[in-house]
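What follows is model_11.cif (mmCIF, C-alpha atoms).
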data_target
loop_
_atom_site.label_atom_id
_atom_site.label_comp_id
_atom_site.auth_asym_id
_atom_site.auth_seq_id
_atom_site.Cartn_x
_atom_site.Cartn_y
_atom_site.Cartn_z
CA MET H 1 92.22 133.95 113.87
CA ALA H 2 92.60 130.23 113.06
CA ASP H 3 96.19 129.26 112.28
CA LEU H 4 95.59 127.17 109.14
CA ARG H 5 97.92 127.12 106.16
CA VAL H 6 98.41 125.13 102.96
CA GLU H 7 100.76 122.67 104.69
CA HIS H 8 97.89 121.66 106.99
CA LEU H 9 95.87 120.31 104.05
CA ALA H 10 96.80 116.72 104.99
CA GLY H 11 94.96 117.18 108.29
CA VAL H 12 91.93 118.53 106.45
CA GLU H 13 91.92 115.51 104.11
CA LEU H 14 92.20 113.22 107.13
CA LEU H 15 89.17 114.95 108.68
CA LEU H 16 87.12 114.41 105.51
CA ASP H 17 88.06 110.72 105.35
CA THR H 18 87.22 110.29 109.04
CA ILE H 19 83.76 111.78 108.47
CA ARG H 20 83.28 109.71 105.29
CA THR H 21 84.21 106.40 106.96
CA GLY H 22 82.95 107.17 110.46
CA SER H 23 86.22 105.83 111.82
CA ILE H 24 89.57 107.38 112.70
CA SER H 25 91.29 104.01 112.30
CA ALA H 26 89.89 103.55 108.76
CA ALA H 27 90.96 107.07 107.80
CA ALA H 28 94.40 106.42 109.33
CA ARG H 29 94.85 103.33 107.15
CA ALA H 30 93.91 105.31 104.05
CA HIS H 31 96.65 107.83 104.92
CA SER H 32 99.25 105.19 105.93
CA LEU H 33 99.20 106.47 109.53
CA SER H 34 98.94 104.74 112.88
CA GLN H 35 95.70 105.48 114.73
CA PRO H 36 97.50 107.48 117.48
CA SER H 37 99.23 109.60 114.82
CA ALA H 38 95.93 110.22 113.03
CA THR H 39 94.20 111.13 116.30
CA GLU H 40 96.98 113.58 117.17
CA ARG H 41 96.83 115.16 113.70
CA LEU H 42 93.06 115.69 114.05
CA ARG H 43 93.53 117.19 117.52
CA GLN H 44 96.16 119.56 116.10
CA LEU H 45 93.68 120.63 113.43
CA GLU H 46 91.06 121.29 116.11
CA ARG H 47 93.55 123.33 118.12
CA ARG H 48 94.52 125.39 115.08
CA LEU H 49 90.90 126.11 114.20
CA GLY H 50 89.81 126.61 117.80
CA VAL H 51 86.69 124.42 117.44
CA THR H 52 85.76 120.80 118.22
CA LEU H 53 85.31 118.98 114.91
CA LEU H 54 84.60 115.39 115.92
CA ARG H 55 82.66 113.56 118.58
CA ARG H 56 84.07 110.15 119.47
CA GLY H 57 81.81 107.45 120.88
CA PRO H 58 81.38 103.67 121.10
CA GLY H 59 79.53 103.67 117.76
CA GLY H 60 82.33 105.42 115.89
CA THR H 61 83.32 108.98 115.15
CA ALA H 62 80.85 111.63 113.94
CA PRO H 63 81.25 115.32 113.14
CA THR H 64 79.99 118.00 115.48
CA PRO H 65 77.79 120.70 113.88
CA GLU H 66 80.93 122.83 113.64
CA GLY H 67 82.76 119.89 112.08
CA GLU H 68 80.02 119.52 109.45
CA ALA H 69 80.40 123.18 108.51
CA VAL H 70 84.21 122.95 108.33
CA ALA H 71 83.95 119.77 106.27
CA GLU H 72 81.66 121.45 103.76
CA TRP H 73 84.16 124.27 103.25
CA ALA H 74 87.05 121.80 103.24
CA ARG H 75 85.52 119.75 100.41
CA ALA H 76 85.55 122.84 98.24
CA VAL H 77 89.18 123.58 99.16
CA VAL H 78 90.36 120.01 98.51
CA GLY H 79 88.43 119.93 95.24
CA ALA H 80 90.10 123.16 94.14
CA VAL H 81 93.55 121.80 95.00
CA GLU H 82 92.86 118.60 93.06
CA ALA H 83 91.64 120.62 90.09
CA MET H 84 94.81 122.72 90.23
CA ALA H 85 96.99 119.61 90.36
CA ALA H 86 95.18 118.11 87.37
CA GLY H 87 95.56 121.37 85.47
CA VAL H 88 99.27 121.60 86.20
CA ALA H 89 99.72 117.97 85.11
CA ALA H 90 97.94 118.75 81.85
CA ILE H 91 100.16 121.79 81.28
CA ARG H 92 103.26 119.68 81.91
CA GLU H 93 102.12 117.09 79.39
CA ARG H 94 101.35 119.74 76.75
CA SER H 95 104.70 121.42 77.33
CA GLY H 96 106.49 118.14 76.76
CA SER H 97 108.35 118.27 80.08
CA THR H 98 110.82 115.38 80.26
CA ALA H 99 112.02 115.90 83.83
CA LEU H 100 111.89 112.90 86.12
CA ARG H 101 109.67 113.85 89.06
CA VAL H 102 111.43 112.79 92.26
CA MET H 103 110.21 113.38 95.81
CA ALA H 104 112.39 112.60 98.82
CA SER H 105 112.10 112.75 102.59
CA LEU H 106 114.12 115.41 104.38
CA THR H 107 117.25 113.49 105.40
CA VAL H 108 117.56 111.80 102.01
CA ALA H 109 117.00 115.09 100.16
CA GLU H 110 119.51 117.08 102.21
CA TYR H 111 122.32 114.63 102.84
CA VAL H 112 122.15 111.80 100.29
CA LEU H 113 120.36 112.89 97.14
CA PRO H 114 122.85 115.60 96.08
CA SER H 115 125.42 112.91 95.24
CA TRP H 116 122.78 111.01 93.26
CA LEU H 117 121.94 114.14 91.28
CA HIS H 118 125.62 114.77 90.58
CA THR H 119 126.05 111.22 89.27
CA GLN H 120 122.87 111.58 87.20
CA ARG H 121 124.20 114.76 85.55
CA ILE H 122 127.59 113.19 84.81
CA ALA H 123 125.86 110.17 83.25
CA GLY H 124 123.76 112.43 81.04
CA GLY H 125 120.46 111.19 82.51
CA ARG H 126 117.15 113.01 82.50
CA SER H 127 116.87 116.25 84.44
CA ILE H 128 115.31 115.94 87.89
CA ASP H 129 112.30 117.87 89.20
CA LEU H 130 112.75 117.50 92.98
CA ALA H 131 110.19 117.97 95.76
CA VAL H 132 110.74 117.42 99.49
CA GLY H 133 108.36 116.25 102.24
CA ASN H 134 108.19 113.79 105.10
CA SER H 135 108.02 110.08 104.30
CA VAL H 136 104.21 109.83 104.43
CA ALA H 137 103.88 112.82 102.08
CA VAL H 138 106.37 111.20 99.68
CA ALA H 139 104.39 107.96 99.54
CA ARG H 140 101.15 109.87 99.03
CA ALA H 141 102.69 111.83 96.13
CA VAL H 142 103.80 108.62 94.41
CA LEU H 143 100.39 106.99 94.95
CA ASP H 144 98.67 110.09 93.55
CA ARG H 145 101.05 110.10 90.54
CA HIS H 146 102.46 113.50 91.47
CA ALA H 147 105.93 111.93 91.63
CA ASP H 148 107.46 109.24 89.41
CA VAL H 149 109.62 107.86 92.21
CA GLY H 150 109.99 108.61 95.91
CA PHE H 151 112.69 108.02 98.51
CA VAL H 152 111.79 107.53 102.17
CA GLU H 153 113.55 106.70 105.45
CA THR H 154 110.64 105.13 107.32
CA PRO H 155 110.21 101.43 108.22
CA ARG H 156 106.53 101.67 107.20
CA ARG H 157 105.33 99.65 104.24
CA PHE H 158 102.91 101.42 101.92
CA VAL H 159 100.07 99.47 100.32
CA GLY H 160 100.00 99.77 96.54
CA LEU H 161 103.67 100.67 96.07
CA ARG H 162 106.74 98.67 95.09
CA SER H 163 109.91 99.37 97.06
CA THR H 164 113.57 98.48 97.29
CA VAL H 165 116.41 99.38 99.66
CA VAL H 166 118.85 101.92 98.25
CA GLY H 167 120.94 102.69 101.33
CA GLY H 168 120.61 103.61 104.96
CA ASP H 169 122.00 105.49 107.91
CA GLN H 170 122.15 105.47 111.70
CA LEU H 171 120.08 107.52 114.11
CA VAL H 172 121.92 108.97 117.09
CA VAL H 173 120.92 110.60 120.37
CA VAL H 174 122.53 114.03 120.67
CA VAL H 175 122.72 116.59 123.47
CA ALA H 176 124.47 119.87 124.19
CA PRO H 177 127.94 119.58 125.81
CA SER H 178 126.42 121.04 128.99
CA HIS H 179 123.76 118.33 129.26
CA PRO H 180 124.34 115.69 132.00
CA TRP H 181 124.17 112.89 129.41
CA ALA H 182 127.24 114.34 127.67
CA ARG H 183 129.35 113.38 130.70
CA ARG H 184 128.10 109.81 131.08
CA ARG H 185 130.79 107.12 131.38
CA SER H 186 128.45 104.29 130.31
CA PRO H 187 125.76 103.94 127.63
CA LEU H 188 122.29 105.24 128.40
CA SER H 189 119.70 102.52 129.00
CA VAL H 190 116.90 102.25 126.47
CA GLU H 191 114.39 102.51 129.35
CA HIS H 192 115.90 105.82 130.48
CA LEU H 193 115.81 107.11 126.91
CA ALA H 194 112.16 106.12 126.44
CA ALA H 195 111.18 107.76 129.75
CA THR H 196 112.75 111.09 128.78
CA PRO H 197 110.79 113.77 126.86
CA LEU H 198 112.81 114.34 123.66
CA LEU H 199 113.02 116.85 120.85
CA LEU H 200 111.70 114.86 117.87
CA ARG H 201 110.60 115.22 114.26
CA GLU H 202 106.89 115.46 113.57
CA ALA H 203 104.60 112.42 113.24
CA GLY H 204 104.86 110.99 109.72
CA SER H 205 108.57 111.68 109.37
CA GLY H 206 110.88 108.76 108.66
CA THR H 207 113.20 109.72 111.51
CA ARG H 208 110.34 109.67 114.04
CA ASP H 209 108.95 106.40 112.63
CA ALA H 210 112.33 104.66 112.68
CA PHE H 211 113.09 105.78 116.23
CA GLU H 212 109.70 104.68 117.59
CA ALA H 213 110.02 101.33 115.77
CA ALA H 214 113.47 100.82 117.31
CA LEU H 215 112.09 101.54 120.80
CA ALA H 216 109.21 99.12 120.23
CA ALA H 217 111.65 96.41 119.08
CA ALA H 218 113.60 96.96 122.30
CA GLY H 219 110.40 96.62 124.36
CA ALA H 220 110.28 100.29 125.36
CA VAL H 221 107.34 102.71 125.20
CA PRO H 222 108.23 106.41 124.76
CA VAL H 223 106.69 109.24 126.73
CA GLU H 224 105.27 112.26 124.90
CA PRO H 225 108.00 114.30 123.17
CA LEU H 226 109.23 117.55 124.61
CA ALA H 227 108.55 119.09 121.18
CA ALA H 228 107.72 117.77 117.70
CA LEU H 229 109.19 119.87 114.90
CA ALA H 230 109.25 119.54 111.10
CA SER H 231 112.73 121.07 110.78
CA THR H 232 115.96 119.17 111.38
CA THR H 233 117.84 122.47 111.53
CA THR H 234 115.55 123.74 114.30
CA LEU H 235 115.93 120.49 116.26
CA LYS H 236 119.73 120.70 116.06
CA ALA H 237 119.69 124.30 117.24
CA ALA H 238 117.34 123.51 120.13
CA ALA H 239 119.45 120.54 121.24
CA ALA H 240 122.68 122.55 120.98
CA ALA H 241 121.10 125.33 123.06
CA GLY H 242 120.45 122.83 125.86
CA ASP H 243 116.67 122.56 125.46
CA GLY H 244 116.82 118.77 125.59
CA PRO H 245 118.08 115.60 123.89
CA SER H 246 117.18 114.92 120.27
CA VAL H 247 117.28 111.90 117.95
CA LEU H 248 118.50 112.64 114.43
CA SER H 249 120.42 111.10 111.55
CA GLU H 250 124.15 110.89 112.08
CA LEU H 251 124.43 112.43 108.60
CA ALA H 252 122.47 115.48 109.76
CA VAL H 253 124.57 116.12 112.89
CA ALA H 254 128.04 115.20 111.58
CA SER H 255 129.29 118.80 111.32
CA GLU H 256 127.91 119.78 114.75
CA VAL H 257 129.45 116.71 116.40
CA ALA H 258 132.79 117.47 114.72
CA ALA H 259 132.58 121.08 115.93
CA GLY H 260 131.69 120.02 119.48
CA THR H 261 128.35 121.82 119.61
CA LEU H 262 126.53 118.48 119.91
CA VAL H 263 127.61 115.29 121.68
CA VAL H 264 126.50 111.78 120.68
CA VAL H 265 125.15 109.70 123.59
CA PRO H 266 125.54 105.90 123.20
CA VAL H 267 122.42 103.89 124.07
CA ASP H 268 122.44 100.29 125.24
CA ARG H 269 120.29 97.49 123.75
CA ILE H 270 118.76 99.35 120.82
CA ASP H 271 119.40 99.17 117.08
CA LEU H 272 119.05 102.66 115.60
CA GLY H 273 120.06 101.70 112.06
CA ARG H 274 117.50 102.30 109.32
CA GLU H 275 117.02 101.82 105.59
CA PHE H 276 116.41 104.28 102.79
CA ARG H 277 113.88 102.90 100.31
CA ALA H 278 112.77 103.84 96.80
CA LEU H 279 109.01 103.77 96.10
CA TRP H 280 107.19 103.55 92.77
CA LEU H 281 103.86 102.39 91.37
CA PRO H 282 103.80 98.79 90.08
CA ASP H 283 102.18 99.87 86.79
CA ARG H 284 104.85 102.46 85.98
CA HIS H 285 107.27 101.05 83.44
CA ASP H 286 109.41 104.13 82.85
CA PRO H 287 112.93 102.71 82.42
CA ASP H 288 114.39 106.00 83.69
CA VAL H 289 112.76 105.40 87.08
CA GLN H 290 114.51 102.05 87.48
CA ARG H 291 117.74 103.52 86.09
CA PHE H 292 117.67 106.26 88.75
CA VAL H 293 116.86 103.72 91.48
CA ARG H 294 119.86 101.62 90.43
CA LEU H 295 122.02 104.75 90.38
CA ALA H 296 120.87 105.64 93.91
CA ARG H 297 121.64 102.14 95.17
CA SER H 298 125.11 102.03 93.62
CA THR H 299 126.00 105.58 94.73
CA SER H 300 124.99 104.84 98.33
CA ARG H 301 127.43 101.93 98.67
#
Before we go any further, please render this structure as structure tokens.
Amino acid sequence: MADLRVEHLAGVELLLDTIRTGSISAAARAHSLSQPSATERLRQLERRLGVTLLRRGPGGTAPTPEGEAVAEWARAVVGAVEAMAAGVAAIRERSGSTALRVMASLTVAEYVLPSWLHTQRIAGGRSIDLAVGNSVAVARAVLDRHADVGFVETPRRFVGLRSTVVGGDQLVVVVAPSHPWARRRSPLSVEHLAATPLLLREAGSGTRDAFEAALAAAGAVPVEPLAALASTTTLKAAAAAGDGPSVLSELAVASEVAAGTLVVVPVDRIDLGREFRALWLPDRHDPDVQRFVRLARSTSR
């Protein structure tokens, strides 16, 4: 049986846009993805379904007969989801909901946003309706008006959205105490790091984007990851068990490093700092959005 769930809907939408435009690169731009990330997402969808959906050639990308059939079913599914979203939005408006709809990427939501919410409550601000997703999903939600404001940790810039820096953190390379890197006396070279299969977040996550951008800035090209996972908790557990090195926010691994279950490995000639950014639509003039953005910026200092 095909392993396809609701969370794979983004891949289905990417397939439809690829068929519509006849180009993976055009569909990637529409989804704020790099072409390699879009190609990998489509291949994952094919693997989950167990069928070849697209045929790639010099003239562009076209659906296979199986891809045409899947696309026809997918259009109905996407249409139903859009109808549901519109219906829920209408219900919210009729019910007079006053919650500020915030969506945040995983690191921000888990390790930074709780202090913002606490400050918001103390200040008597609007209640917050919080959703969590990776950075690309956050930007898409703001663009689609499913969120009033989003917070991401990716260096990507999203067309059609305003943004401002509200804070930042540092990525670190971590390994189990038994890993050979834990006993190094000198920093790891960026070339050695790039040549090593790592445990990484999934494509589209801010952590993965920031790490790959840092490697590129250092002139290094990474090999394929050892595993790509959507869960920071799972990555920490896998690294601590000795499955391989991982790259995560220092905020996310602070307790494990303090407990000695993970060891930070210094890396030479690479800047692993990154920014947290707020995203909103230029035509949204809700003063509570800007008030919450200012609160986030001041709380992060």
What does the structure give for the distance between atom CA of Val223 of chain H and atom CA of Leu106 of chain H, in Å to one decimal?
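Between these atoms lies a distance of 24.3 Å.
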Please compute the atom CA of Ser37 of chain H-atom CA of Leu54 of chain H distance, one decimal, in Å.
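Going from atom CA of Ser37 of chain H over to atom CA of Leu54 of chain H, I get 15.8 Å.
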Report as CSV: every residue of segment 207-253 of chain H with an atom at most 9 Å from segment 147-171 of chain H, its closest pair of atoms, and their distance in Å to one decimal, counting only C-alpha atoms, with rows sorted by chain and ascending residue number.
residue,atom,partner,partner_atom,distance
H:Thr207,CA,H:Thr154,CA,6.7
H:Arg208,CA,H:Thr154,CA,8.1
H:Asp209,CA,H:Thr154,CA,5.7
H:Ala210,CA,H:Thr154,CA,5.6
H:Phe211,CA,H:Leu171,CA,7.5
H:Ala213,CA,H:Pro155,CA,7.6
H:Val247,CA,H:Leu171,CA,6.5
H:Leu248,CA,H:Leu171,CA,5.4
H:Ser249,CA,H:Leu171,CA,4.4
H:Glu250,CA,H:Leu171,CA,5.7
H:Leu251,CA,H:Asp169,CA,7.4
Going by the chain IDs and residue numbers used in this file, which residues fall under the PyMOL selection byres ((chain H and resi 298) around 12)? Write them as a PyMOL selection string.
chain H and resi 115-116+119-120+165-167+291-297+299-301
Resolved residues for the PyMOL selection byres ((chain H and resi 258-270) around 8) as JSON, numbers by chain
{"H": [172, 173, 174, 175, 176, 177, 181, 182, 186, 187, 188, 189, 190, 193, 214, 215, 217, 218, 239, 240, 253, 254, 255, 256, 257, 271, 272]}
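The two atoms in question, atom CA of Ala238 of chain H and atom CA of Leu49 of chain H, are spaced 27.2 Å apart.
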Across H:Thr18, H:Gln290, H:Ser34, H:Thr233, the smallest distance to Glu212 of chain H, with all atoms listed in the file counted, is shown by H:Ser34
Could you check the closest approach to Ala28 of chain H for each of H:Gly273, H:Gly204, H:Gly125, H:Gly67 and tell me which residue wins, using all atoms listed in the file?
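Under the stated criterion, the closest residue is H:Gly204.
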Can you list, as a count of residues only, the residues that the PyMOL selection byres ((chain H and resi 40) around 12) selects here?
24
Need to verify the contact set: His31 of chain H, 10 Å, only C-alpha atoms, exclusion of same-chain residues closer than 6 positions in sequence. Can you return it as an mmCIF file with C-alpha atoms, in the coordinates of the input?
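See part_6.cif below for the written result:
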data_model
loop_
_atom_site.group_PDB
_atom_site.id
_atom_site.type_symbol
_atom_site.label_atom_id
_atom_site.label_comp_id
_atom_site.auth_asym_id
_atom_site.auth_seq_id
_atom_site.Cartn_x
_atom_site.Cartn_y
_atom_site.Cartn_z
ATOM 1 C CA ALA H 10 96.800 116.720 104.990
ATOM 2 C CA GLU H 13 91.920 115.510 104.110
ATOM 3 C CA LEU H 14 92.200 113.220 107.130
ATOM 4 C CA ASP H 17 88.060 110.720 105.350
ATOM 5 C CA SER H 25 91.290 104.010 112.300
ATOM 6 C CA ALA H 38 95.930 110.220 113.030
ATOM 7 C CA VAL H 136 104.210 109.830 104.430
ATOM 8 C CA ALA H 137 103.880 112.820 102.080
ATOM 9 C CA ALA H 139 104.390 107.960 99.540
ATOM 10 C CA ARG H 140 101.150 109.870 99.030
ATOM 11 C CA PHE H 158 102.910 101.420 101.920
#
Using all atoms listed in the file, which of the listed residues (H:Ser23, H:Asp144, H:Arg284, H:Arg201) sits closest to Pro58 of chain H?
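Among the listed residues, the smallest separation from Pro58 of chain H belongs to H:Ser23.
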Using all atoms listed in the file, which of H:Pro197, H:Gly60, H:Pro114, H:Pro65 sits nearest Ala27 of chain H?
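Checking each of H:Pro197, H:Gly60, H:Pro114, H:Pro65 against Ala27 of chain H, counting all atoms listed in the file, the winner is H:Gly60.
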Restricting the calculation to all atoms listed in the file: of H:Val289, H:Val142, H:Val77, H:Ala69, which residue gets closest to Ile128 of chain H?
H:Val289
